[in-house]
Amino acid sequence: MTDIRINTNFCNGCAICAGVCAYGILDLGSEKKAMVKPGAEKFCSNCGLCEAICPKGAIQVNYENAGRVPDFSTERCPTTREMGLLITTRRSVRDYKKMSVPKEIFEEIFDIIRYAPTGMNGQSVHWIVISEPDEVAALVSRVIDWARMVIKTQPESVIAPILPVFVSAYDQGIDKICHGAPHVVIAHSPAENPVGFVDAIIAMTHLDLIAPSFGLGTCWAGIVQGALATSPTIRESIGIPENHAPHYAMMIGYPKYTFKRAPKRNSPKITWK
């Protein structure tokens, strides 16, 4: 149950909190102070916008499992130039150093990207971090077995024509599935969540963008995701619950090489109305 606490000694009656509440939970009472409408707390999505926007700090939203709130009150947001640099220079990394990412770094990353937006603030995204390189290699082996099966039994599959490339490379001792990445991160959520996939992709994108600030490189693992989506055996092998859907996998580690410049990209395709 959400507990919304309003300190009326601090509240100045500006009603901004009532305006930003998506579900009409807050209003001004007879004394022109913010109040929770009777019985409305059960509709709260725990988004915390009222708490975050209150100019007087008069509101607290408390609920079970809420993590710590970071304090960036003395910081500034990145400039347009800095954000543009981050997005433009981010590259897919397919060559990694043979060194592991400390668990503390992963914990710091996930502590940041838990703020990625989710539908109705459902916060339904779960993470699996395959942290041991040997376990990544075992996953690659299982994906290759899956690829051999698809080639043999599902030649009509859209993905079947490209799978022999990965299998042939693997048979020659070359990993083109995870490219020697020391870690793989997988996002999953309850299968019944209608927006779980979108939530996970948004969170994955946040992970993709924050990683370079930690000196890390990433690459979206499409072949791994293809295997996860169609193989219950592989999902079970890495611990995805039976009632959860895997939404995507990402390689992550320290890049072996440094990109010197941004490559060309198409001009944006925009229809103005």
# chains A, B, ... in the order shown; residues from 1 in each chain; ligands from 1

$ residues_around --residues "Phe166 in chain A" --least-positions-apart "4" --cutoff "9 Å" --atoms "only C-alpha atoms" --output "ChimeraX atom specification"
/A:144,147,162,170-171,174-177

$ write_last_selection --atoms "all heavy atoms" --output "compact mmCIF listing (two decimals), in the first residue's frame"
# COMPACT_ATOMS: atom_id res chain seq x y z
N ILE A 144 24.46 -22.15 -30.07
CA ILE A 144 24.92 -22.82 -31.28
C ILE A 144 24.14 -24.12 -31.49
O ILE A 144 23.73 -24.44 -32.63
CB ILE A 144 26.44 -23.10 -31.22
CG1 ILE A 144 27.22 -21.79 -31.36
CG2 ILE A 144 26.86 -24.09 -32.30
CD1 ILE A 144 27.08 -21.11 -32.71
N ALA A 147 20.96 -23.14 -32.90
CA ALA A 147 21.11 -22.73 -34.31
C ALA A 147 21.19 -23.95 -35.22
O ALA A 147 20.58 -23.97 -36.30
CB ALA A 147 22.36 -21.86 -34.47
N ILE A 162 21.04 -17.10 -42.13
CA ILE A 162 22.27 -16.50 -41.61
C ILE A 162 22.94 -17.34 -40.53
O ILE A 162 24.10 -17.12 -40.20
CB ILE A 162 22.02 -15.08 -41.07
CG1 ILE A 162 21.16 -15.12 -39.80
CG2 ILE A 162 21.39 -14.18 -42.11
CD1 ILE A 162 21.07 -13.80 -39.07
N TYR A 170 31.90 -20.85 -35.16
CA TYR A 170 32.05 -21.53 -33.87
C TYR A 170 32.85 -22.81 -34.03
O TYR A 170 33.71 -23.13 -33.19
CB TYR A 170 30.67 -21.83 -33.29
CG TYR A 170 30.71 -22.45 -31.92
CD1 TYR A 170 30.89 -21.67 -30.78
CD2 TYR A 170 30.57 -23.83 -31.75
CE1 TYR A 170 30.92 -22.24 -29.52
CE2 TYR A 170 30.61 -24.41 -30.49
CZ TYR A 170 30.79 -23.61 -29.38
OH TYR A 170 30.83 -24.19 -28.13
N ASP A 171 32.58 -23.54 -35.11
CA ASP A 171 33.31 -24.79 -35.34
C ASP A 171 34.79 -24.54 -35.61
O ASP A 171 35.61 -25.46 -35.48
CB ASP A 171 32.68 -25.54 -36.53
CG ASP A 171 31.32 -26.12 -36.17
OD1 ASP A 171 31.02 -26.26 -34.96
OD2 ASP A 171 30.54 -26.44 -37.10
N ILE A 174 35.75 -19.65 -33.30
CA ILE A 174 35.49 -18.21 -33.28
C ILE A 174 34.07 -17.95 -32.77
O ILE A 174 33.11 -18.52 -33.30
CB ILE A 174 35.65 -17.60 -34.69
CG1 ILE A 174 37.05 -17.87 -35.23
CG2 ILE A 174 35.37 -16.10 -34.66
CD1 ILE A 174 37.23 -17.52 -36.70
N ASP A 175 33.96 -17.14 -31.76
CA ASP A 175 32.66 -16.81 -31.18
C ASP A 175 32.08 -15.57 -31.84
O ASP A 175 32.51 -14.45 -31.55
CB ASP A 175 32.80 -16.59 -29.67
CG ASP A 175 31.52 -16.05 -29.04
OD1 ASP A 175 30.45 -16.18 -29.65
OD2 ASP A 175 31.61 -15.51 -27.91
N LYS A 176 31.13 -15.76 -32.73
CA LYS A 176 30.43 -14.64 -33.34
C LYS A 176 29.04 -14.46 -32.73
O LYS A 176 28.23 -13.68 -33.24
CB LYS A 176 30.33 -14.82 -34.86
CG LYS A 176 31.65 -14.59 -35.60
CD LYS A 176 31.46 -14.59 -37.08
CE LYS A 176 32.74 -14.21 -37.80
NZ LYS A 176 33.15 -12.80 -37.54
N ILE A 177 28.76 -15.18 -31.66
CA ILE A 177 27.50 -15.02 -30.95
C ILE A 177 27.63 -13.91 -29.91
O ILE A 177 26.86 -12.94 -29.91
CB ILE A 177 27.07 -16.32 -30.27
CG1 ILE A 177 26.89 -17.44 -31.32
CG2 ILE A 177 25.79 -16.12 -29.47
CD1 ILE A 177 25.76 -17.19 -32.30

$ residues_around --residues "range 187-204 of chain A" --least-positions-apart "6" --cutoff "7 Å" --atoms "only C-alpha atoms" --output "ChimeraX atom specification"
/A:113,116,118-119,124-128,243-249

$ write_last_selection --atoms "N, CA, C and O atoms" --output "PDB file, in the first residue's frame"
ATOM      1  N   ILE A 113      19.913   3.022 -13.823  1.00  0.00           N
ATOM      2  CA  ILE A 113      18.922   2.760 -14.866  1.00  0.00           C
ATOM      3  C   ILE A 113      17.583   2.268 -14.318  1.00  0.00           C
ATOM      4  O   ILE A 113      16.621   2.113 -15.081  1.00  0.00           O
ATOM      5  N   ALA A 116      14.786   4.376 -15.483  1.00  0.00           N
ATOM      6  CA  ALA A 116      14.237   4.347 -16.839  1.00  0.00           C
ATOM      7  C   ALA A 116      12.711   4.290 -16.759  1.00  0.00           C
ATOM      8  O   ALA A 116      12.156   3.583 -15.916  1.00  0.00           O
ATOM      9  N   THR A 118       8.836   3.385 -17.192  1.00  0.00           N
ATOM     10  CA  THR A 118       8.084   2.163 -17.464  1.00  0.00           C
ATOM     11  C   THR A 118       6.600   2.499 -17.522  1.00  0.00           C
ATOM     12  O   THR A 118       6.156   3.465 -16.899  1.00  0.00           O
ATOM     13  N   GLY A 119       5.837   1.713 -18.260  1.00  0.00           N
ATOM     14  CA  GLY A 119       4.414   1.945 -18.412  1.00  0.00           C
ATOM     15  C   GLY A 119       3.700   1.985 -17.071  1.00  0.00           C
ATOM     16  O   GLY A 119       3.784   1.025 -16.302  1.00  0.00           O
ATOM     17  N   SER A 124       8.605  -3.206 -13.883  1.00  0.00           N
ATOM     18  CA  SER A 124       8.510  -4.669 -13.950  1.00  0.00           C
ATOM     19  C   SER A 124       9.766  -5.345 -14.498  1.00  0.00           C
ATOM     20  O   SER A 124       9.817  -6.570 -14.575  1.00  0.00           O
ATOM     21  N   VAL A 125      10.769  -4.555 -14.889  1.00  0.00           N
ATOM     22  CA  VAL A 125      11.942  -5.140 -15.531  1.00  0.00           C
ATOM     23  C   VAL A 125      12.815  -5.870 -14.510  1.00  0.00           C
ATOM     24  O   VAL A 125      13.156  -5.320 -13.459  1.00  0.00           O
ATOM     25  N   HIS A 126      13.150  -7.115 -14.817  1.00  0.00           N
ATOM     26  CA  HIS A 126      14.085  -7.918 -14.024  1.00  0.00           C
ATOM     27  C   HIS A 126      15.361  -8.112 -14.837  1.00  0.00           C
ATOM     28  O   HIS A 126      15.327  -8.096 -16.066  1.00  0.00           O
ATOM     29  N   TRP A 127      16.456  -8.336 -14.135  1.00  0.00           N
ATOM     30  CA  TRP A 127      17.750  -8.477 -14.815  1.00  0.00           C
ATOM     31  C   TRP A 127      18.431  -9.779 -14.420  1.00  0.00           C
ATOM     32  O   TRP A 127      18.363 -10.199 -13.271  1.00  0.00           O
ATOM     33  N   ILE A 128      19.087 -10.375 -15.393  1.00  0.00           N
ATOM     34  CA  ILE A 128      20.019 -11.476 -15.145  1.00  0.00           C
ATOM     35  C   ILE A 128      21.376 -11.034 -15.688  1.00  0.00           C
ATOM     36  O   ILE A 128      21.472 -10.606 -16.847  1.00  0.00           O
ATOM     37  N   ASN A 243       7.158 -18.101 -16.004  1.00  0.00           N
ATOM     38  CA  ASN A 243       6.097 -17.140 -16.302  1.00  0.00           C
ATOM     39  C   ASN A 243       6.631 -15.773 -16.715  1.00  0.00           C
ATOM     40  O   ASN A 243       5.898 -14.789 -16.717  1.00  0.00           O
ATOM     41  N   HIS A 244       7.915 -15.713 -17.055  1.00  0.00           N
ATOM     42  CA  HIS A 244       8.519 -14.467 -17.517  1.00  0.00           C
ATOM     43  C   HIS A 244       8.909 -14.578 -18.993  1.00  0.00           C
ATOM     44  O   HIS A 244       9.200 -15.672 -19.488  1.00  0.00           O
ATOM     45  N   ALA A 245       8.902 -13.442 -19.663  1.00  0.00           N
ATOM     46  CA  ALA A 245       9.315 -13.385 -21.065  1.00  0.00           C
ATOM     47  C   ALA A 245      10.682 -12.714 -21.165  1.00  0.00           C
ATOM     48  O   ALA A 245      10.893 -11.652 -20.571  1.00  0.00           O
ATOM     49  N   PRO A 246      11.625 -13.317 -21.912  1.00  0.00           N
ATOM     50  CA  PRO A 246      12.916 -12.659 -22.129  1.00  0.00           C
ATOM     51  C   PRO A 246      12.754 -11.598 -23.216  1.00  0.00           C
ATOM     52  O   PRO A 246      12.201 -11.865 -24.277  1.00  0.00           O
ATOM     53  N   HIS A 247      13.241 -10.388 -22.959  1.00  0.00           N
ATOM     54  CA  HIS A 247      12.991  -9.298 -23.906  1.00  0.00           C
ATOM     55  C   HIS A 247      14.217  -8.907 -24.716  1.00  0.00           C
ATOM     56  O   HIS A 247      14.072  -8.506 -25.870  1.00  0.00           O
ATOM     57  N   TYR A 248      15.384  -9.012 -24.139  1.00  0.00           N
ATOM     58  CA  TYR A 248      16.595  -8.844 -24.961  1.00  0.00           C
ATOM     59  C   TYR A 248      17.825  -9.157 -24.129  1.00  0.00           C
ATOM     60  O   TYR A 248      17.784  -9.164 -22.893  1.00  0.00           O
ATOM     61  N   ALA A 249      18.913  -9.425 -24.858  1.00  0.00           N
ATOM     62  CA  ALA A 249      20.204  -9.718 -24.238  1.00  0.00           C
ATOM     63  C   ALA A 249      21.229  -8.720 -24.756  1.00  0.00           C
ATOM     64  O   ALA A 249      21.127  -8.243 -25.890  1.00  0.00           O
TER      65      ALA A 249
END

$ residues_around --residues "Trp220 in chain A" --least-positions-apart "5" --cutoff "10 Å" --atoms "only C-alpha atoms" --output "PDB file with N, CA, C and O atoms, in the first residue's frame"
ATOM      1  N   SER A  92      28.601  -0.115 -31.242  1.00  0.00           N
ATOM      2  CA  SER A  92      28.462  -1.530 -30.884  1.00  0.00           C
ATOM      3  C   SER A  92      29.850  -2.147 -30.799  1.00  0.00           C
ATOM      4  O   SER A  92      30.627  -2.053 -31.754  1.00  0.00           O
ATOM      5  N   VAL A  93      30.155  -2.748 -29.665  1.00  0.00           N
ATOM      6  CA  VAL A  93      31.490  -3.297 -29.422  1.00  0.00           C
ATOM      7  C   VAL A  93      31.463  -4.809 -29.598  1.00  0.00           C
ATOM      8  O   VAL A  93      30.658  -5.500 -28.959  1.00  0.00           O
ATOM      9  N   ARG A  94      32.346  -5.317 -30.449  1.00  0.00           N
ATOM     10  CA  ARG A  94      32.430  -6.756 -30.698  1.00  0.00           C
ATOM     11  C   ARG A  94      33.828  -7.310 -30.471  1.00  0.00           C
ATOM     12  O   ARG A  94      34.145  -8.412 -30.916  1.00  0.00           O
ATOM     13  N   CYS A 178      28.595 -14.024 -29.026  1.00  0.00           N
ATOM     14  CA  CYS A 178      28.835 -13.008 -27.997  1.00  0.00           C
ATOM     15  C   CYS A 178      30.203 -12.344 -28.127  1.00  0.00           C
ATOM     16  O   CYS A 178      30.570 -11.515 -27.296  1.00  0.00           O
ATOM     17  N   VAL A 184      27.061 -11.102 -20.120  1.00  0.00           N
ATOM     18  CA  VAL A 184      25.833 -10.885 -20.877  1.00  0.00           C
ATOM     19  C   VAL A 184      24.742 -10.483 -19.886  1.00  0.00           C
ATOM     20  O   VAL A 184      24.586 -11.110 -18.838  1.00  0.00           O
ATOM     21  N   VAL A 185      24.021  -9.432 -20.234  1.00  0.00           N
ATOM     22  CA  VAL A 185      22.914  -8.945 -19.406  1.00  0.00           C
ATOM     23  C   VAL A 185      21.609  -9.222 -20.139  1.00  0.00           C
ATOM     24  O   VAL A 185      21.498  -8.953 -21.343  1.00  0.00           O
ATOM     25  N   MET A 204      17.033  -1.193 -21.388  1.00  0.00           N
ATOM     26  CA  MET A 204      18.240  -1.653 -22.077  1.00  0.00           C
ATOM     27  C   MET A 204      18.950  -0.486 -22.777  1.00  0.00           C
ATOM     28  O   MET A 204      20.186  -0.403 -22.795  1.00  0.00           O
ATOM     29  N   THR A 205      18.176   0.409 -23.370  1.00  0.00           N
ATOM     30  CA  THR A 205      18.761   1.563 -24.039  1.00  0.00           C
ATOM     31  C   THR A 205      19.465   2.470 -23.041  1.00  0.00           C
ATOM     32  O   THR A 205      20.546   3.010 -23.320  1.00  0.00           O
ATOM     33  N   ASP A 208      22.661   0.827 -22.355  1.00  0.00           N
ATOM     34  CA  ASP A 208      23.531   0.996 -23.519  1.00  0.00           C
ATOM     35  C   ASP A 208      24.213   2.364 -23.505  1.00  0.00           C
ATOM     36  O   ASP A 208      25.388   2.486 -23.879  1.00  0.00           O
ATOM     37  N   GLN A 225      19.042 -13.418 -28.278  1.00  0.00           N
ATOM     38  CA  GLN A 225      17.637 -13.151 -28.039  1.00  0.00           C
ATOM     39  C   GLN A 225      16.749 -14.070 -28.868  1.00  0.00           C
ATOM     40  O   GLN A 225      15.706 -14.546 -28.396  1.00  0.00           O
ATOM     41  N   TYR A 248      15.384  -9.012 -24.139  1.00  0.00           N
ATOM     42  CA  TYR A 248      16.595  -8.844 -24.961  1.00  0.00           C
ATOM     43  C   TYR A 248      17.825  -9.157 -24.129  1.00  0.00           C
ATOM     44  O   TYR A 248      17.784  -9.164 -22.893  1.00  0.00           O
ATOM     45  N   ALA A 249      18.913  -9.425 -24.858  1.00  0.00           N
ATOM     46  CA  ALA A 249      20.204  -9.718 -24.238  1.00  0.00           C
ATOM     47  C   ALA A 249      21.229  -8.720 -24.756  1.00  0.00           C
ATOM     48  O   ALA A 249      21.127  -8.243 -25.890  1.00  0.00           O
ATOM     49  N   MET A 250      22.207  -8.408 -23.930  1.00  0.00           N
ATOM     50  CA  MET A 250      23.238  -7.455 -24.323  1.00  0.00           C
ATOM     51  C   MET A 250      24.596  -7.911 -23.824  1.00  0.00           C
ATOM     52  O   MET A 250      24.746  -8.300 -22.664  1.00  0.00           O
ATOM     53  N   MET A 251      25.585  -7.890 -24.703  1.00  0.00           N
ATOM     54  CA  MET A 251      26.963  -8.143 -24.309  1.00  0.00           C
ATOM     55  C   MET A 251      27.511  -6.881 -23.645  1.00  0.00           C
ATOM     56  O   MET A 251      27.146  -5.763 -24.020  1.00  0.00           O
ATOM     57  N   ILE A 252      28.409  -7.070 -22.700  1.00  0.00           N
ATOM     58  CA  ILE A 252      29.010  -5.908 -22.042  1.00  0.00           C
ATOM     59  C   ILE A 252      30.384  -6.273 -21.494  1.00  0.00           C
ATOM     60  O   ILE A 252      30.606  -7.393 -21.020  1.00  0.00           O
TER      61      ILE A 252
END

$ select_by_dssp --residues "range 126-202 of chain A" --states "strand (DSSP E or B)" --output "number ranges by chain"
A: 126-130, 183-190

$ write_last_selection --atoms "all heavy atoms" --output "short mmCIF file (atom, residue, chain, number, x, y, z; two decimals), in the first residue's frame"
data_model
loop_
_atom_site.label_atom_id
_atom_site.label_comp_id
_atom_site.auth_asym_id
_atom_site.auth_seq_id
_atom_site.Cartn_x
_atom_site.Cartn_y
_atom_site.Cartn_z
N HIS A 126 13.15 -7.12 -14.82
CA HIS A 126 14.09 -7.92 -14.02
C HIS A 126 15.36 -8.11 -14.84
O HIS A 126 15.33 -8.10 -16.07
CB HIS A 126 13.49 -9.29 -13.69
CG HIS A 126 12.28 -9.24 -12.81
ND1 HIS A 126 12.21 -9.87 -11.58
CD2 HIS A 126 11.06 -8.64 -12.98
CE1 HIS A 126 11.03 -9.68 -11.03
NE2 HIS A 126 10.31 -8.93 -11.86
N TRP A 127 16.46 -8.34 -14.13
CA TRP A 127 17.75 -8.48 -14.81
C TRP A 127 18.43 -9.78 -14.42
O TRP A 127 18.36 -10.20 -13.27
CB TRP A 127 18.67 -7.31 -14.46
CG TRP A 127 18.13 -5.97 -14.83
CD1 TRP A 127 17.47 -5.09 -14.00
CD2 TRP A 127 18.22 -5.33 -16.11
NE1 TRP A 127 17.14 -3.96 -14.70
CE2 TRP A 127 17.57 -4.07 -15.98
CE3 TRP A 127 18.77 -5.70 -17.34
CZ2 TRP A 127 17.48 -3.18 -17.05
CZ3 TRP A 127 18.66 -4.82 -18.40
CH2 TRP A 127 18.02 -3.57 -18.26
N ILE A 128 19.09 -10.37 -15.39
CA ILE A 128 20.02 -11.48 -15.14
C ILE A 128 21.38 -11.03 -15.69
O ILE A 128 21.47 -10.61 -16.85
CB ILE A 128 19.58 -12.78 -15.82
CG1 ILE A 128 18.32 -13.33 -15.14
CG2 ILE A 128 20.70 -13.82 -15.80
CD1 ILE A 128 17.75 -14.57 -15.80
N VAL A 129 22.39 -11.10 -14.85
CA VAL A 129 23.75 -10.79 -15.28
C VAL A 129 24.55 -12.08 -15.28
O VAL A 129 24.78 -12.67 -14.21
CB VAL A 129 24.42 -9.75 -14.35
CG1 VAL A 129 25.84 -9.45 -14.85
CG2 VAL A 129 23.60 -8.47 -14.28
N ILE A 130 24.92 -12.53 -16.45
CA ILE A 130 25.81 -13.69 -16.55
C ILE A 130 27.22 -13.14 -16.37
O ILE A 130 27.80 -12.54 -17.28
CB ILE A 130 25.64 -14.41 -17.89
CG1 ILE A 130 24.18 -14.85 -18.05
CG2 ILE A 130 26.58 -15.61 -17.98
CD1 ILE A 130 23.90 -15.57 -19.36
N HIS A 183 30.65 -10.74 -20.18
CA HIS A 183 29.36 -10.74 -19.50
C HIS A 183 28.22 -10.58 -20.50
O HIS A 183 28.38 -9.98 -21.56
CB HIS A 183 29.27 -9.61 -18.47
CG HIS A 183 30.47 -9.46 -17.60
ND1 HIS A 183 30.82 -10.41 -16.66
CD2 HIS A 183 31.43 -8.49 -17.54
CE1 HIS A 183 31.92 -10.02 -16.05
NE2 HIS A 183 32.31 -8.86 -16.57
N VAL A 184 27.06 -11.10 -20.12
CA VAL A 184 25.83 -10.88 -20.88
C VAL A 184 24.74 -10.48 -19.89
O VAL A 184 24.59 -11.11 -18.84
CB VAL A 184 25.40 -12.15 -21.65
CG1 VAL A 184 24.02 -11.96 -22.27
CG2 VAL A 184 26.41 -12.48 -22.74
N VAL A 185 24.02 -9.43 -20.23
CA VAL A 185 22.91 -8.95 -19.41
C VAL A 185 21.61 -9.22 -20.14
O VAL A 185 21.50 -8.95 -21.34
CB VAL A 185 23.05 -7.44 -19.12
CG1 VAL A 185 21.82 -6.92 -18.37
CG2 VAL A 185 24.32 -7.16 -18.33
N ILE A 186 20.63 -9.77 -19.43
CA ILE A 186 19.35 -10.13 -20.04
C ILE A 186 18.23 -9.46 -19.26
O ILE A 186 18.19 -9.53 -18.02
CB ILE A 186 19.15 -11.65 -20.06
CG1 ILE A 186 20.23 -12.31 -20.93
CG2 ILE A 186 17.76 -12.02 -20.58
CD1 ILE A 186 20.44 -13.77 -20.66
N ALA A 187 17.33 -8.80 -19.97
CA ALA A 187 16.16 -8.18 -19.35
C ALA A 187 14.94 -9.06 -19.57
O ALA A 187 14.71 -9.55 -20.67
CB ALA A 187 15.92 -6.79 -19.95
N HIS A 188 14.16 -9.26 -18.51
CA HIS A 188 12.94 -10.06 -18.63
C HIS A 188 11.89 -9.49 -17.69
O HIS A 188 12.19 -8.69 -16.79
CB HIS A 188 13.21 -11.54 -18.32
CG HIS A 188 13.72 -11.79 -16.93
ND1 HIS A 188 12.93 -12.25 -15.90
CD2 HIS A 188 14.97 -11.66 -16.39
CE1 HIS A 188 13.64 -12.40 -14.80
NE2 HIS A 188 14.90 -12.04 -15.06
N SER A 189 10.64 -9.86 -17.91
CA SER A 189 9.55 -9.38 -17.06
C SER A 189 8.41 -10.36 -17.12
O SER A 189 8.38 -11.25 -17.98
CB SER A 189 9.09 -7.99 -17.52
OG SER A 189 8.43 -8.07 -18.77
N PRO A 190 7.43 -10.24 -16.21
CA PRO A 190 6.28 -11.14 -16.24
C PRO A 190 5.61 -11.14 -17.62
O PRO A 190 5.36 -10.09 -18.20
CB PRO A 190 5.36 -10.56 -15.17
CG PRO A 190 6.29 -9.90 -14.20
CD PRO A 190 7.39 -9.32 -15.05
#

$ residues_around --residues "Ile4 in chain A" --least-positions-apart "2" --cutoff "10 Å" --atoms "only C-alpha atoms" --output "tab-separated table (two decimals) with all heavy atoms, in the first residue's frame"
chain	number	residue	atom	x	y	z
A	1	MET	N	0.84	-1.19	0.00
A	1	MET	CA	0.00	0.00	0.00
A	1	MET	C	0.88	1.24	0.00
A	1	MET	O	1.83	1.34	0.77
A	1	MET	CB	-0.91	0.01	1.23
A	1	MET	CG	-1.86	1.19	1.28
A	1	MET	SD	-3.11	1.13	-0.02
A	1	MET	CE	-4.10	2.57	0.39
A	2	THR	N	0.58	2.19	-0.87
A	2	THR	CA	1.33	3.44	-0.93
A	2	THR	C	0.94	4.35	0.22
A	2	THR	O	-0.23	4.49	0.55
A	2	THR	CB	1.06	4.15	-2.27
A	2	THR	OG1	1.38	3.27	-3.34
A	2	THR	CG2	1.91	5.41	-2.39
A	6	ILE	N	1.81	14.27	3.58
A	6	ILE	CA	1.88	15.69	3.23
A	6	ILE	C	2.06	16.50	4.50
A	6	ILE	O	1.24	16.43	5.43
A	6	ILE	CB	0.61	16.14	2.49
A	6	ILE	CG1	0.44	15.33	1.20
A	6	ILE	CG2	0.68	17.64	2.17
A	6	ILE	CD1	-0.86	15.59	0.48
A	25	ILE	N	-5.14	11.92	-7.78
A	25	ILE	CA	-5.15	11.47	-6.39
A	25	ILE	C	-5.10	12.64	-5.42
A	25	ILE	O	-5.65	12.59	-4.32
A	25	ILE	CB	-3.98	10.50	-6.15
A	25	ILE	CG1	-4.19	9.22	-6.98
A	25	ILE	CG2	-3.81	10.16	-4.68
A	25	ILE	CD1	-2.97	8.35	-7.04
A	26	LEU	N	-4.44	13.72	-5.83
A	26	LEU	CA	-4.23	14.86	-4.94
A	26	LEU	C	-5.16	16.02	-5.29
A	26	LEU	O	-5.58	16.19	-6.44
A	26	LEU	CB	-2.78	15.33	-5.03
A	26	LEU	CG	-1.72	14.29	-4.63
A	26	LEU	CD1	-0.33	14.83	-4.90
A	26	LEU	CD2	-1.87	13.89	-3.18
A	35	MET	N	-3.90	17.64	-0.25
A	35	MET	CA	-4.45	16.50	0.47
A	35	MET	C	-4.64	15.34	-0.50
A	35	MET	O	-4.71	15.53	-1.72
A	35	MET	CB	-5.81	16.85	1.08
A	35	MET	CG	-6.84	17.30	0.07
A	35	MET	SD	-8.53	17.34	0.71
A	35	MET	CE	-8.92	15.58	0.76
A	36	VAL	N	-4.71	14.14	0.05
A	36	VAL	CA	-5.01	12.95	-0.74
A	36	VAL	C	-6.53	12.75	-0.70
A	36	VAL	O	-7.13	12.73	0.38
A	36	VAL	CB	-4.29	11.71	-0.17
A	36	VAL	CG1	-4.65	10.47	-0.99
A	36	VAL	CG2	-2.79	11.93	-0.15
A	41	GLU	N	-5.52	6.65	-2.60
A	41	GLU	CA	-4.14	6.16	-2.55
A	41	GLU	C	-3.97	4.83	-3.28
A	41	GLU	O	-2.91	4.53	-3.81
A	41	GLU	CB	-3.68	6.01	-1.10
A	41	GLU	CG	-3.27	7.32	-0.45
A	41	GLU	CD	-2.68	7.11	0.94
A	41	GLU	OE1	-2.91	6.02	1.51
A	41	GLU	OE2	-2.03	8.02	1.45
A	44	CYS	N	-2.55	5.00	-6.74
A	44	CYS	CA	-1.22	5.59	-6.93
A	44	CYS	C	-0.29	4.60	-7.63
A	44	CYS	O	-0.22	3.42	-7.27
A	44	CYS	CB	-0.63	6.00	-5.59
A	44	CYS	SG	1.00	6.76	-5.70
A	46	ASN	N	2.97	5.11	-7.71
A	46	ASN	CA	4.28	5.31	-7.07
A	46	ASN	C	5.27	6.05	-7.96
A	46	ASN	O	6.48	5.89	-7.80
A	46	ASN	CB	4.89	3.97	-6.63
A	46	ASN	CG	4.00	3.19	-5.69
A	46	ASN	OD1	3.30	3.78	-4.87
A	46	ASN	ND2	4.01	1.87	-5.80
A	48	GLY	N	5.95	9.15	-7.96
A	48	GLY	CA	6.69	10.11	-7.15
A	48	GLY	C	6.80	11.50	-7.75
A	48	GLY	O	7.57	12.34	-7.25
A	50	CYS	N	4.74	13.96	-7.65
A	50	CYS	CA	4.30	14.97	-6.69
A	50	CYS	C	5.41	15.31	-5.71
A	50	CYS	O	5.66	16.48	-5.40
A	50	CYS	CB	3.03	14.50	-5.98
A	50	CYS	SG	3.22	12.93	-5.09
A	51	GLU	N	6.09	14.26	-5.24
A	51	GLU	CA	7.19	14.47	-4.30
A	51	GLU	C	8.34	15.22	-4.95
A	51	GLU	O	8.95	16.12	-4.36
A	51	GLU	CB	7.67	13.12	-3.77
A	51	GLU	CG	8.83	13.20	-2.80
A	51	GLU	CD	9.24	11.85	-2.26
A	51	GLU	OE1	8.68	10.82	-2.69
A	51	GLU	OE2	10.14	11.81	-1.39
A	59	ILE	N	5.93	16.77	0.41
A	59	ILE	CA	5.30	15.48	0.11
A	59	ILE	C	6.33	14.37	0.15
A	59	ILE	O	7.45	14.50	-0.37
A	59	ILE	CB	4.62	15.51	-1.28
A	59	ILE	CG1	3.60	16.65	-1.34
A	59	ILE	CG2	3.95	14.17	-1.58
A	59	ILE	CD1	2.97	16.83	-2.71
A	60	GLN	N	5.94	13.25	0.75
A	60	GLN	CA	6.73	12.02	0.72
A	60	GLN	C	5.84	10.88	0.25
A	60	GLN	O	4.72	10.72	0.74
A	60	GLN	CB	7.30	11.69	2.09
A	60	GLN	CG	8.46	12.56	2.52
A	60	GLN	CD	9.13	12.01	3.78
A	60	GLN	OE1	8.69	11.04	4.36
A	60	GLN	NE2	10.22	12.66	4.18
A	61	VAL	N	6.34	10.11	-0.72
A	61	VAL	CA	5.63	8.94	-1.21
A	61	VAL	C	6.44	7.71	-0.80
A	61	VAL	O	7.58	7.54	-1.25
A	61	VAL	CB	5.45	8.97	-2.74
A	61	VAL	CG1	4.70	7.72	-3.22
A	61	VAL	CG2	4.69	10.23	-3.16
A	62	ASN	N	5.88	6.88	0.02
A	62	ASN	CA	6.58	5.71	0.54
A	62	ASN	C	5.85	4.44	0.13
A	62	ASN	O	4.61	4.39	0.14
A	62	ASN	CB	6.67	5.77	2.08
A	62	ASN	CG	7.37	7.02	2.56
A	62	ASN	OD1	8.49	7.30	2.18
A	62	ASN	ND2	6.70	7.79	3.42
A	63	TYR	N	6.62	3.43	-0.26
A	63	TYR	CA	6.04	2.14	-0.60
A	63	TYR	C	7.11	1.06	-0.46
A	63	TYR	O	8.32	1.34	-0.44
A	63	TYR	CB	5.46	2.13	-2.02
A	63	TYR	CG	6.45	2.46	-3.12
A	63	TYR	CD1	7.13	1.44	-3.82
A	63	TYR	CD2	6.71	3.77	-3.48
A	63	TYR	CE1	8.03	1.74	-4.82
A	63	TYR	CE2	7.62	4.08	-4.49
A	63	TYR	CZ	8.27	3.05	-5.16
A	63	TYR	OH	9.17	3.35	-6.15

$ closest_residue --among "A:Lys32, A:His179, A:Lys98, A:Arg76" --to "Val224 in chain A" --atoms "only C-alpha atoms"
A:His179

$ residues_around --residues "Phe214 in chain A" --least-positions-apart "2" --cutoff "10 Å" --atoms "only C-alpha atoms" --output "PyMOL selection string"
chain A and resi 101+105-106+108-109+210-212+216-217+254

$ atom_distance --atom1 "CA of Cys17 in chain A" --atom2 "CA of Cys54 in chain A"
6.3 Å

$ select_by_dssp --residues "range 10-243 of chain A" --states "helix (DSSP H, G or I)" --output "number ranges by chain"
A: 16-20, 40-43, 49-53, 80-89, 103-113, 119-121, 133-153, 160-171, 196-214, 222-230, 232-237
